[in-house]
file coords.cif (mmCIF, C-alpha atoms)
data_run
#
loop_
_atom_site.label_atom_id
_atom_site.label_comp_id
_atom_site.auth_asym_id
_atom_site.auth_seq_id
_atom_site.Cartn_x
_atom_site.Cartn_y
_atom_site.Cartn_z
CA MET A 38 -39.17 -35.12 -8.16
CA VAL A 39 -36.90 -33.96 -10.92
CA LEU A 40 -33.80 -35.96 -10.05
CA GLU A 41 -33.76 -39.54 -8.88
CA SER A 42 -32.03 -40.27 -5.58
CA ARG A 43 -29.03 -41.82 -7.31
CA ASP A 44 -28.46 -38.63 -9.31
CA GLU A 45 -28.92 -36.38 -6.29
CA ILE A 46 -26.41 -38.46 -4.37
CA ALA A 47 -23.93 -38.54 -7.25
CA ASN A 48 -24.19 -34.75 -7.41
CA LEU A 49 -23.11 -34.57 -3.75
CA ILE A 50 -20.00 -36.64 -4.42
CA PHE A 51 -19.11 -34.53 -7.44
CA LEU A 52 -19.83 -31.26 -5.60
CA VAL A 53 -17.19 -32.16 -3.02
CA ASP A 54 -14.69 -32.86 -5.83
CA GLU A 55 -15.57 -29.58 -7.49
CA ALA A 56 -15.19 -27.55 -4.30
CA LEU A 57 -11.81 -29.17 -3.59
CA ASP A 58 -10.55 -28.28 -7.08
CA ASP A 59 -11.85 -24.72 -6.73
CA GLY A 60 -10.12 -24.34 -3.36
CA ARG A 61 -13.53 -23.56 -1.83
CA PHE A 62 -12.88 -25.38 1.40
CA GLU A 63 -15.86 -23.83 3.24
CA ALA A 64 -18.08 -25.45 0.62
CA VAL A 65 -16.37 -28.79 1.24
CA GLY A 66 -17.05 -28.31 4.94
CA ALA A 67 -20.69 -27.43 4.31
CA LEU A 68 -21.24 -30.53 2.17
CA LEU A 69 -19.67 -32.73 4.85
CA ALA A 70 -21.11 -30.80 7.81
CA HIS A 71 -23.07 -33.78 9.14
CA ALA A 72 -20.61 -36.46 8.11
CA ARG A 73 -18.14 -38.50 10.09
CA CYS A 74 -15.05 -38.55 7.85
CA THR A 75 -12.32 -41.12 8.28
CA THR A 76 -9.20 -42.12 6.47
CA ALA A 77 -8.92 -45.87 6.41
CA THR A 78 -5.14 -46.00 6.31
CA THR A 79 -4.41 -43.60 9.16
CA GLY A 80 -7.55 -43.96 11.20
CA THR A 81 -7.92 -40.18 11.36
CA VAL A 82 -11.45 -39.05 12.14
CA ILE A 83 -12.84 -35.63 11.30
CA VAL A 84 -16.27 -34.42 12.33
CA GLY A 85 -17.91 -31.08 11.66
CA SER A 86 -17.64 -28.53 8.92
CA GLN A 87 -14.95 -26.41 10.59
CA ALA A 88 -12.80 -29.48 11.19
CA VAL A 89 -13.11 -30.39 7.50
CA VAL A 90 -12.17 -26.85 6.45
CA ASP A 91 -9.19 -26.86 8.81
CA ASP A 92 -8.07 -30.22 7.48
CA CYS A 93 -8.24 -28.97 3.88
CA ARG A 94 -6.33 -25.78 4.75
CA ARG A 95 -3.71 -27.79 6.62
CA SER A 96 -3.14 -30.38 3.93
CA ILE A 97 -3.91 -28.97 0.47
CA ARG A 98 -1.39 -26.67 -1.14
CA LEU A 99 -2.79 -23.63 -2.90
CA HIS A 100 -0.65 -22.21 -5.69
CA ALA A 101 0.06 -18.55 -6.44
CA ASP A 102 -3.40 -18.02 -7.95
CA GLY A 103 -5.07 -19.51 -4.87
CA LEU A 104 -6.06 -22.77 -6.59
CA PRO A 105 -4.85 -26.34 -5.97
CA HIS A 106 -4.45 -26.97 -9.73
CA THR A 107 -6.12 -30.32 -9.41
CA LEU A 108 -8.94 -32.09 -11.17
CA THR A 109 -10.53 -34.59 -8.81
CA LEU A 110 -12.54 -37.30 -10.53
CA SER A 111 -14.95 -39.75 -8.95
CA THR A 112 -16.03 -42.67 -11.09
CA ASN A 113 -17.34 -46.23 -10.85
CA LEU A 114 -20.16 -45.28 -8.50
CA LEU A 115 -21.87 -48.33 -7.01
CA HIS A 116 -25.18 -47.37 -5.48
CA ASP A 117 -27.06 -49.18 -2.77
CA ILE A 118 -30.06 -46.99 -2.06
CA ASP A 119 -32.98 -47.61 0.26
CA ASP A 120 -35.32 -44.84 -0.85
CA ALA A 121 -38.06 -45.76 1.60
CA ALA A 122 -35.72 -45.65 4.57
CA GLY A 123 -33.82 -42.60 3.30
CA ARG A 124 -30.49 -44.35 3.63
CA ALA A 125 -27.88 -44.97 0.95
CA ARG A 126 -24.41 -46.39 0.57
CA VAL A 127 -22.22 -45.55 -2.42
CA GLN A 128 -18.70 -46.67 -3.10
CA SER A 129 -16.63 -45.01 -5.77
CA VAL A 130 -13.13 -44.64 -7.11
CA PHE A 131 -11.31 -41.32 -7.08
CA THR A 132 -8.37 -40.09 -9.12
CA VAL A 133 -6.70 -36.72 -8.56
CA TRP A 134 -4.96 -35.21 -11.59
CA GLN A 135 -2.66 -32.24 -11.30
CA GLN A 136 -0.63 -29.85 -13.41
CA ALA A 137 1.13 -26.70 -12.30
CA ASP A 138 4.07 -24.56 -13.31
CA GLY A 139 7.00 -26.94 -13.59
CA PHE A 140 4.82 -29.91 -12.71
CA ALA A 141 3.68 -32.02 -15.65
CA LEU A 142 0.10 -33.25 -15.99
CA GLN A 143 -0.17 -36.54 -14.12
CA PRO A 144 -2.34 -38.50 -11.71
CA ILE A 145 -1.07 -37.93 -8.19
CA LEU A 146 -3.47 -39.83 -5.99
CA ALA A 147 -6.01 -42.59 -6.42
CA GLY A 148 -8.16 -44.67 -4.18
CA ALA A 149 -11.67 -45.47 -3.09
CA GLN A 150 -14.43 -43.69 -1.24
CA HIS A 151 -17.02 -45.41 0.89
CA ASP A 152 -19.84 -43.00 1.54
CA THR A 153 -23.17 -43.26 3.28
CA PHE A 154 -26.00 -40.80 2.93
CA GLU A 155 -29.18 -39.99 4.76
CA ARG A 156 -32.26 -38.12 3.59
CA VAL A 157 -33.28 -35.42 6.03
CA ASP A 158 -36.24 -33.12 5.35
CA GLY A 159 -36.42 -34.43 1.80
CA ARG A 160 -32.78 -33.80 0.96
CA TRP A 161 -29.88 -36.21 0.80
CA ARG A 162 -26.70 -35.43 2.69
CA PHE A 163 -23.47 -37.18 3.61
CA ALA A 164 -23.66 -39.24 6.81
CA THR A 165 -20.21 -40.82 6.67
CA ARG A 166 -17.24 -40.74 4.34
CA GLU A 167 -14.31 -43.11 4.44
CA ILE A 168 -11.35 -42.39 2.20
CA GLU A 169 -9.04 -45.20 1.27
CA VAL A 170 -5.87 -44.01 -0.44
CA ARG A 171 -4.49 -46.82 -2.56
CA HIS A 172 -1.98 -45.20 -4.88
CA ALA A 173 0.04 -42.11 -4.14
CA GLY A 174 2.11 -40.51 -6.87
CA ASP A 175 4.19 -37.35 -6.76
CA LEU A 176 2.40 -35.25 -4.14
CA SER A 177 5.06 -32.54 -4.01
CA ALA A 178 2.82 -29.96 -5.70
CA HIS A 179 -0.30 -30.92 -3.78
CA VAL A 180 0.28 -31.69 -0.15
CA LEU A 181 1.53 -29.27 2.44
CA THR A 182 4.40 -30.80 4.33
CA GLY A 183 3.78 -32.28 7.72
CA SER A 184 0.12 -32.87 7.08
CA GLY A 185 -1.56 -35.97 8.36
CA SER A 186 -4.25 -35.76 5.74
CA SER A 187 -7.61 -37.09 6.61
CA GLY A 188 -11.28 -36.23 6.34
CA ASP A 189 -11.40 -34.79 2.92
CA GLY A 190 -8.19 -32.95 2.67
CA ARG A 191 -6.95 -35.76 0.53
CA MET B 84 -27.40 -61.29 -17.95
CA THR B 85 -31.03 -60.94 -18.81
CA GLY B 86 -32.89 -57.95 -17.54
CA THR B 87 -36.53 -57.47 -16.86
CA ALA B 88 -38.59 -54.99 -18.79
CA ALA B 89 -38.99 -53.05 -15.58
CA THR B 90 -35.29 -52.32 -15.34
CA HIS B 91 -34.28 -52.26 -18.98
CA GLY B 92 -37.43 -51.08 -20.70
CA ALA B 93 -37.99 -48.12 -18.42
CA VAL B 94 -38.17 -44.63 -19.85
CA ARG B 95 -34.80 -42.99 -19.56
CA SER B 96 -34.65 -40.10 -17.15
CA SER B 97 -33.78 -36.57 -18.14
CA ALA B 98 -30.47 -36.99 -16.31
CA ASP B 99 -29.66 -40.04 -18.44
CA GLU B 100 -30.48 -38.18 -21.65
CA ILE B 101 -28.33 -35.24 -20.62
CA ARG B 102 -25.37 -37.45 -19.73
CA ASP B 103 -25.72 -39.14 -23.11
CA LEU B 104 -25.47 -35.79 -24.90
CA ILE B 105 -22.28 -34.98 -23.00
CA HIS B 106 -20.79 -38.39 -23.76
CA ARG B 107 -21.84 -38.24 -27.39
CA TYR B 108 -19.70 -35.11 -27.83
CA SER B 109 -16.67 -36.97 -26.46
CA TRP B 110 -17.26 -39.96 -28.67
CA LEU B 111 -17.75 -37.96 -31.85
CA VAL B 112 -14.60 -35.90 -31.32
CA ASP B 113 -12.55 -39.03 -30.73
CA GLN B 114 -14.04 -40.55 -33.87
CA ALA B 115 -13.16 -37.39 -35.85
CA GLU B 116 -16.84 -37.06 -36.76
CA PHE B 117 -16.67 -33.31 -36.47
CA ASP B 118 -19.83 -32.45 -38.44
CA GLU B 119 -21.92 -34.76 -36.26
CA MET B 120 -20.21 -33.31 -33.18
CA ALA B 121 -20.97 -29.74 -34.24
CA ALA B 122 -24.59 -30.66 -34.98
CA LEU B 123 -25.05 -31.29 -31.25
CA PHE B 124 -24.60 -27.54 -30.84
CA GLU B 125 -26.95 -26.49 -33.63
CA HIS B 126 -29.09 -24.56 -31.15
CA ALA B 127 -26.28 -23.66 -28.79
CA VAL B 128 -23.78 -20.94 -28.05
CA THR B 129 -20.30 -22.36 -27.47
CA SER B 130 -17.48 -20.43 -25.88
CA ASN B 131 -14.13 -20.74 -24.20
CA GLY B 132 -14.18 -20.37 -20.43
CA LYS B 133 -11.14 -18.12 -20.45
CA ASP B 134 -13.08 -15.45 -22.26
CA SER B 135 -16.72 -16.36 -22.53
CA SER B 136 -17.38 -13.32 -24.70
CA ILE B 137 -15.63 -15.10 -27.56
CA GLU B 138 -18.16 -17.37 -29.18
CA MET B 139 -16.87 -20.32 -31.11
CA GLY B 140 -19.31 -19.80 -33.95
CA SER B 141 -21.90 -21.72 -35.92
CA PRO B 142 -21.84 -25.52 -36.18
CA ALA B 143 -20.08 -25.20 -39.54
CA GLU B 144 -17.44 -22.93 -38.03
CA LEU B 145 -17.06 -25.20 -35.01
CA ALA B 146 -16.58 -28.26 -37.23
CA ALA B 147 -14.06 -26.37 -39.36
CA MET B 148 -12.16 -25.31 -36.27
CA TYR B 149 -11.91 -28.87 -34.99
CA ARG B 150 -10.95 -30.13 -38.42
CA GLY B 151 -8.29 -27.45 -38.57
CA ASN B 152 -6.67 -28.03 -35.20
CA HIS B 153 -6.85 -31.80 -34.71
CA ARG B 154 -3.94 -33.84 -35.98
CA LEU B 155 -5.34 -37.03 -37.49
CA TYR B 156 -3.65 -40.40 -37.93
CA ASP B 157 -4.43 -43.50 -39.96
CA VAL B 158 -6.13 -46.16 -37.92
CA ASP B 159 -5.96 -49.88 -38.48
CA VAL B 160 -7.86 -50.85 -41.66
CA GLY B 161 -9.99 -53.41 -39.85
CA VAL B 162 -11.01 -50.86 -37.24
CA ALA B 163 -11.86 -48.32 -39.91
CA GLU B 164 -14.03 -50.83 -41.78
CA ARG B 165 -15.92 -51.72 -38.63
CA GLU B 166 -16.29 -48.29 -37.13
CA GLY B 167 -16.02 -45.65 -39.78
CA PRO B 168 -13.45 -42.90 -40.07
CA ALA B 169 -10.04 -44.14 -41.15
CA ARG B 170 -8.24 -41.12 -39.78
CA ARG B 171 -8.66 -40.11 -36.16
CA PRO B 172 -6.98 -38.09 -33.39
CA LEU B 173 -6.10 -41.32 -31.54
CA CYS B 174 -7.35 -39.84 -28.32
CA ARG B 175 -10.12 -40.76 -25.91
CA HIS B 176 -12.02 -38.36 -23.70
CA LEU B 177 -12.86 -39.68 -20.26
CA CYS B 178 -15.84 -37.65 -19.10
CA THR B 179 -17.15 -37.90 -15.57
CA ASN B 180 -18.42 -36.04 -12.50
CA VAL B 181 -21.56 -34.83 -14.25
CA ILE B 182 -23.38 -32.58 -11.77
CA ILE B 183 -26.92 -32.18 -13.06
CA ASP B 184 -29.49 -29.61 -12.03
CA ILE B 185 -32.89 -29.69 -13.69
CA ASP B 186 -35.20 -26.69 -13.55
CA ASP B 187 -38.65 -27.74 -14.67
CA GLY B 188 -40.16 -24.44 -13.62
CA HIS B 189 -38.05 -22.25 -15.90
CA PRO B 190 -40.14 -19.57 -17.62
CA SER B 191 -38.88 -20.54 -21.07
CA GLY B 192 -39.63 -24.23 -20.61
CA GLU B 193 -37.69 -27.12 -19.14
CA ARG B 194 -34.04 -26.26 -18.60
CA ALA B 195 -31.08 -28.05 -17.10
CA THR B 196 -27.47 -27.31 -16.35
CA ALA B 197 -24.62 -29.78 -16.09
CA ARG B 198 -21.05 -29.31 -14.99
CA SER B 199 -18.67 -32.11 -15.90
CA LYS B 200 -14.97 -32.91 -16.08
CA TYR B 201 -12.85 -34.50 -18.79
CA VAL B 202 -9.40 -35.99 -19.20
CA VAL B 203 -8.18 -36.58 -22.75
CA GLN B 204 -5.78 -39.48 -23.16
CA GLN B 205 -3.77 -40.14 -26.28
CA ALA B 206 -1.27 -42.61 -27.69
CA VAL B 207 0.29 -42.64 -31.17
CA ALA B 208 2.18 -45.86 -31.84
CA GLU B 209 3.60 -44.77 -35.19
CA THR B 210 5.45 -41.84 -33.65
CA GLY B 211 6.21 -43.43 -30.29
CA PHE B 212 3.96 -41.02 -28.40
CA ALA B 213 3.22 -43.07 -25.29
CA LEU B 214 -0.21 -43.34 -23.72
CA GLN B 215 -0.70 -40.31 -21.51
CA ALA B 216 -3.15 -37.64 -20.46
CA ILE B 217 -2.70 -34.59 -22.69
CA VAL B 218 -5.31 -32.17 -21.41
CA ALA B 219 -8.02 -32.01 -18.73
CA GLY B 220 -10.71 -29.58 -17.74
CA ARG B 221 -14.42 -28.93 -17.39
CA TYR B 222 -17.57 -28.31 -19.39
CA HIS B 223 -20.35 -26.06 -18.17
CA ASP B 224 -23.47 -26.87 -20.15
CA THR B 225 -27.03 -25.66 -20.36
CA PHE B 226 -29.79 -27.70 -21.97
CA GLU B 227 -33.38 -27.15 -22.97
CA ARG B 228 -36.08 -29.68 -23.67
CA VAL B 229 -37.94 -29.12 -26.92
CA ASP B 230 -40.61 -31.51 -28.21
CA GLY B 231 -39.65 -33.96 -25.49
CA ARG B 232 -35.96 -34.03 -26.37
CA TRP B 233 -33.07 -32.43 -24.56
CA ARG B 234 -30.54 -30.40 -26.53
CA PHE B 235 -27.59 -28.11 -25.84
CA VAL B 236 -28.27 -24.38 -25.62
CA GLU B 237 -24.87 -23.44 -24.22
CA ARG B 238 -21.46 -24.98 -23.66
CA VAL B 239 -18.50 -23.28 -22.02
CA PHE B 240 -15.22 -25.15 -22.42
CA PHE B 241 -12.61 -24.86 -19.66
CA VAL B 242 -9.08 -26.11 -20.20
CA ASP B 243 -7.57 -26.48 -16.72
CA LEU B 244 -4.61 -28.84 -16.87
CA VAL B 245 -2.39 -28.97 -19.94
CA GLY B 246 0.03 -31.72 -20.86
CA ASP B 247 1.93 -32.53 -24.03
CA LEU B 248 -0.36 -31.47 -26.87
CA SER B 249 2.29 -31.87 -29.58
CA ALA B 250 0.63 -34.98 -31.00
CA HIS B 251 -2.85 -33.51 -30.78
CA HIS B 252 -2.85 -30.01 -32.17
CA LEU B 253 -1.86 -28.79 -35.57
CA SER B 254 -1.31 -25.34 -34.16
CA ALA B 255 -0.84 -23.83 -30.76
CA ALA B 256 -4.25 -22.24 -30.96
CA HIS B 257 -6.99 -24.02 -29.12
#

call {"tool": "encode", "arguments": {"input": "coords.cif", "output": "structure tokens"}}
result
Amino acid sequence: MVLESRDEIANLIFLVDEALDDGRFEAVGALLAHARCTTATTGTVIVGSQAVVDDCRRSIRLHADGLPHTLTLSTNLLHDIDDAAGRARVQSVFTVWQQADGFALQPILAGAQHDTFERVDGRWRFATREIEVRHAGDLSAHVLTGSGSSGDGR
Amino acid sequence: MTGTAATHGAVRSSADEIRDLIHRYSWLVDQAEFDEMAALFEHAVTSNGKDSSIEMGSPAELAAMYRGNHRLYDVDVGVAEREGPARRPLCRHLCTNVIIDIDDGHPSGERATARSKYVVQQAVAETGFALQAIVAGRYHDTFERVDGRWRFVERVFFVDLVGDLSAHHLSAAH
């Protein structure tokens, strides 16, 4: 095996961040296709790739060029991996940075992610994701109004 | 804490070595050690993501470019004595989200790609420039393993989010 489980799993977390920043919501949905996604603060639950895509479309504002103009970072990964059982739990901290026309570079959202993973047919995938928003900044350039953000449409 | 040989003496993985290369770049830029930084790319093509056809040149040219466009400040004498360069950009790169893909079946030997993200933070006490993020973006890197060691073969720099670069750049050109 070329990558260790912890690196494969970290890749999954970072791939979600990357797809969100690229505005590739179908890719977000595909990565979370088998995951039960919840938002700790609101109790919203999202299940299934289409529901994730819909949630992203509903809550994330795309600017004139079709991009969210965000850079979503996940750091401080704490791994608890049971390789033999093919189960893993990883908690991490996320920070969303943004800059757009007339909107200065700043962090707009920060919190924690509690993820679990399962290995199916030799590949790791998300089993559950719980988003805990702890600090919200100026979301005026990021969130579409009226959204009850959830699954991964942070 | 004491560690056992099994956990601390283990051979580092390719992923660890590749992350170290990415983080070494950040460290060397922040230390204003531009020649050492450029040496990381001795076997690499570097380019700007906006127009990847524009190569950033040889290591010597890359070092000269960084030397030319980074505003440097005096650092505390004690710090300089302990850690080297007395004049630095007074910024720190946070580098994270390293997505690594290793291809050990590549026809030209072991290859890997890594996509990562950075946020550069800066503060300049002498001018009252408060601690803030000044620029953020991504690196798309390709590595090869030669004689058992990983090295850069390509880096594409992407500047995505731009803040106040007035304390960072000597010119508007990046």

call {"tool": "closest_residue", "arguments": {"input": "coords.cif", "among": "A:Thr76, A:Gly139, A:Asp91, A:Ala70", "to": "chain B", "atoms": "all atoms listed in the file"}}
result
A:Gly139

call {"tool": "resolve_selection", "arguments": {"input": "coords.cif", "expression": "the PyMOL selection byres ((chain A) within 8 of (chain B))", "output": "list of chain:residue names"}}
result
A:Val39, A:Leu40, A:Asp44, A:Ala47, A:Asn48, A:Phe51, A:Leu52, A:His106, A:Thr107, A:Leu108, A:Leu110, A:Ser111, A:Thr112, A:Gln135, A:Gln136, A:Ala137, A:Ala141, A:Leu142, A:Gln143

call {"tool": "write_last_selection", "arguments": {"input": "coords.cif", "atoms": "C-alpha atoms", "output": "PDB file, in the coordinates of the input"}}
result
ATOM      1  CA  VAL A  39     -36.900 -33.960 -10.920  1.00  0.00           C
ATOM      2  CA  LEU A  40     -33.800 -35.960 -10.050  1.00  0.00           C
ATOM      3  CA  ASP A  44     -28.460 -38.630  -9.310  1.00  0.00           C
ATOM      4  CA  ALA A  47     -23.930 -38.540  -7.250  1.00  0.00           C
ATOM      5  CA  ASN A  48     -24.190 -34.750  -7.410  1.00  0.00           C
ATOM      6  CA  PHE A  51     -19.110 -34.530  -7.440  1.00  0.00           C
ATOM      7  CA  LEU A  52     -19.830 -31.260  -5.600  1.00  0.00           C
ATOM      8  CA  HIS A 106      -4.450 -26.970  -9.730  1.00  0.00           C
ATOM      9  CA  THR A 107      -6.120 -30.320  -9.410  1.00  0.00           C
ATOM     10  CA  LEU A 108      -8.940 -32.090 -11.170  1.00  0.00           C
ATOM     11  CA  LEU A 110     -12.540 -37.300 -10.530  1.00  0.00           C
ATOM     12  CA  SER A 111     -14.950 -39.750  -8.950  1.00  0.00           C
ATOM     13  CA  THR A 112     -16.030 -42.670 -11.090  1.00  0.00           C
ATOM     14  CA  GLN A 135      -2.660 -32.240 -11.300  1.00  0.00           C
ATOM     15  CA  GLN A 136      -0.630 -29.850 -13.410  1.00  0.00           C
ATOM     16  CA  ALA A 137       1.130 -26.700 -12.300  1.00  0.00           C
ATOM     17  CA  ALA A 141       3.680 -32.020 -15.650  1.00  0.00           C
ATOM     18  CA  LEU A 142       0.100 -33.250 -15.990  1.00  0.00           C
ATOM     19  CA  GLN A 143      -0.170 -36.540 -14.120  1.00  0.00           C
TER      20      GLN A 143
END

call {"tool": "residues_around", "arguments": {"input": "coords.cif", "residues": "A:Gln128", "least_positions_apart": "5", "cutoff": "8 Å", "atoms": "only C-alpha atoms", "output": "list in words"}}
result
Asn113, Leu114, Leu115, His116, Ala149, Gln150, His151 and Asp152 of chain A

call {"tool": "residues_around", "arguments": {"input": "coords.cif", "residues": "A:Arg166", "least_positions_apart": "2", "cutoff": "9 Å", "atoms": "all atoms listed in the file", "output": "PyMOL selection string"}}
result
chain A and resi 69+72-76+150-154+163-164+168+188-189

call {"tool": "atom_distance", "arguments": {"input": "coords.cif", "atom1": "atom CA of B:Pro172", "atom2": "atom CA of B:Ser141"}}
result
22.3 Å

call {"tool": "residues_around", "arguments": {"input": "coords.cif", "residues": "B:Lys133", "least_positions_apart": "5", "cutoff": "9 Å", "atoms": "only C-alpha atoms", "output": "ChimeraX atom specification"}}
result
/B:240-242

call {"tool": "atom_distance", "arguments": {"input": "coords.cif", "atom1": "atom CA of B:Asp230", "atom2": "atom CA of B:Thr129"}}
result
22.3 Å

call {"tool": "resolve_selection", "arguments": {"input": "coords.cif", "expression": "the PyMOL selection byres ((chain A and resi 158-162) around 8)", "output": "number ranges by chain"}}
result
A: 42, 45-46, 49, 68-69, 71, 123, 154-157, 163-164

call {"tool": "atom_distance", "arguments": {"input": "coords.cif", "atom1": "atom CA of B:Arg171", "atom2": "atom CA of B:Ser249"}}
result
15.2 Å

call {"tool": "closest_residue", "arguments": {"input": "coords.cif", "among": "A:Leu146, A:Ile50, A:Leu57, A:Ala173", "to": "A:Arg98", "atoms": "only C-alpha atoms"}}
result
A:Leu57

call {"tool": "closest_residue", "arguments": {"input": "coords.cif", "among": "B:Leu253, B:Ala197, B:Val162, B:Val203", "to": "B:Met148", "atoms": "all atoms listed in the file"}}
result
B:Leu253

call {"tool": "build_atoms", "arguments": {"input": "coords.cif", "residues": "stretch 144-155 of chain A", "atoms": "N, CA and C atoms", "output": "compact mmCIF listing (two decimals), in the coordinates of the input"}}
result
# COMPACT_ATOMS: atom_id res chain seq x y z
N PRO A 144 -1.52 -38.12 -12.86
CA PRO A 144 -2.34 -38.50 -11.71
C PRO A 144 -1.45 -38.55 -10.47
N ILE A 145 -1.92 -37.99 -9.38
CA ILE A 145 -1.07 -37.93 -8.19
C ILE A 145 -1.61 -38.75 -7.03
N LEU A 146 -2.88 -39.10 -7.11
CA LEU A 146 -3.47 -39.83 -5.99
C LEU A 146 -4.69 -40.60 -6.49
N ALA A 147 -4.83 -41.81 -6.02
CA ALA A 147 -6.01 -42.59 -6.42
C ALA A 147 -6.42 -43.50 -5.27
N GLY A 148 -7.68 -43.81 -5.25
CA GLY A 148 -8.16 -44.67 -4.18
C GLY A 148 -9.66 -44.88 -4.27
N ALA A 149 -10.24 -45.18 -3.12
CA ALA A 149 -11.67 -45.47 -3.09
C ALA A 149 -12.34 -44.64 -2.01
N GLN A 150 -13.61 -44.41 -2.21
CA GLN A 150 -14.43 -43.69 -1.24
C GLN A 150 -15.60 -44.55 -0.86
N HIS A 151 -15.84 -44.68 0.42
CA HIS A 151 -17.02 -45.41 0.89
C HIS A 151 -17.89 -44.40 1.61
N ASP A 152 -18.99 -44.05 0.99
CA ASP A 152 -19.84 -43.00 1.54
C ASP A 152 -21.20 -43.55 1.94
N THR A 153 -21.76 -42.99 2.99
CA THR A 153 -23.17 -43.26 3.28
C THR A 153 -23.90 -41.93 3.34
N PHE A 154 -25.18 -42.01 3.02
CA PHE A 154 -26.00 -40.80 2.93
C PHE A 154 -27.30 -41.02 3.68
N GLU A 155 -27.87 -39.91 4.12
CA GLU A 155 -29.18 -39.99 4.76
C GLU A 155 -30.05 -38.87 4.18
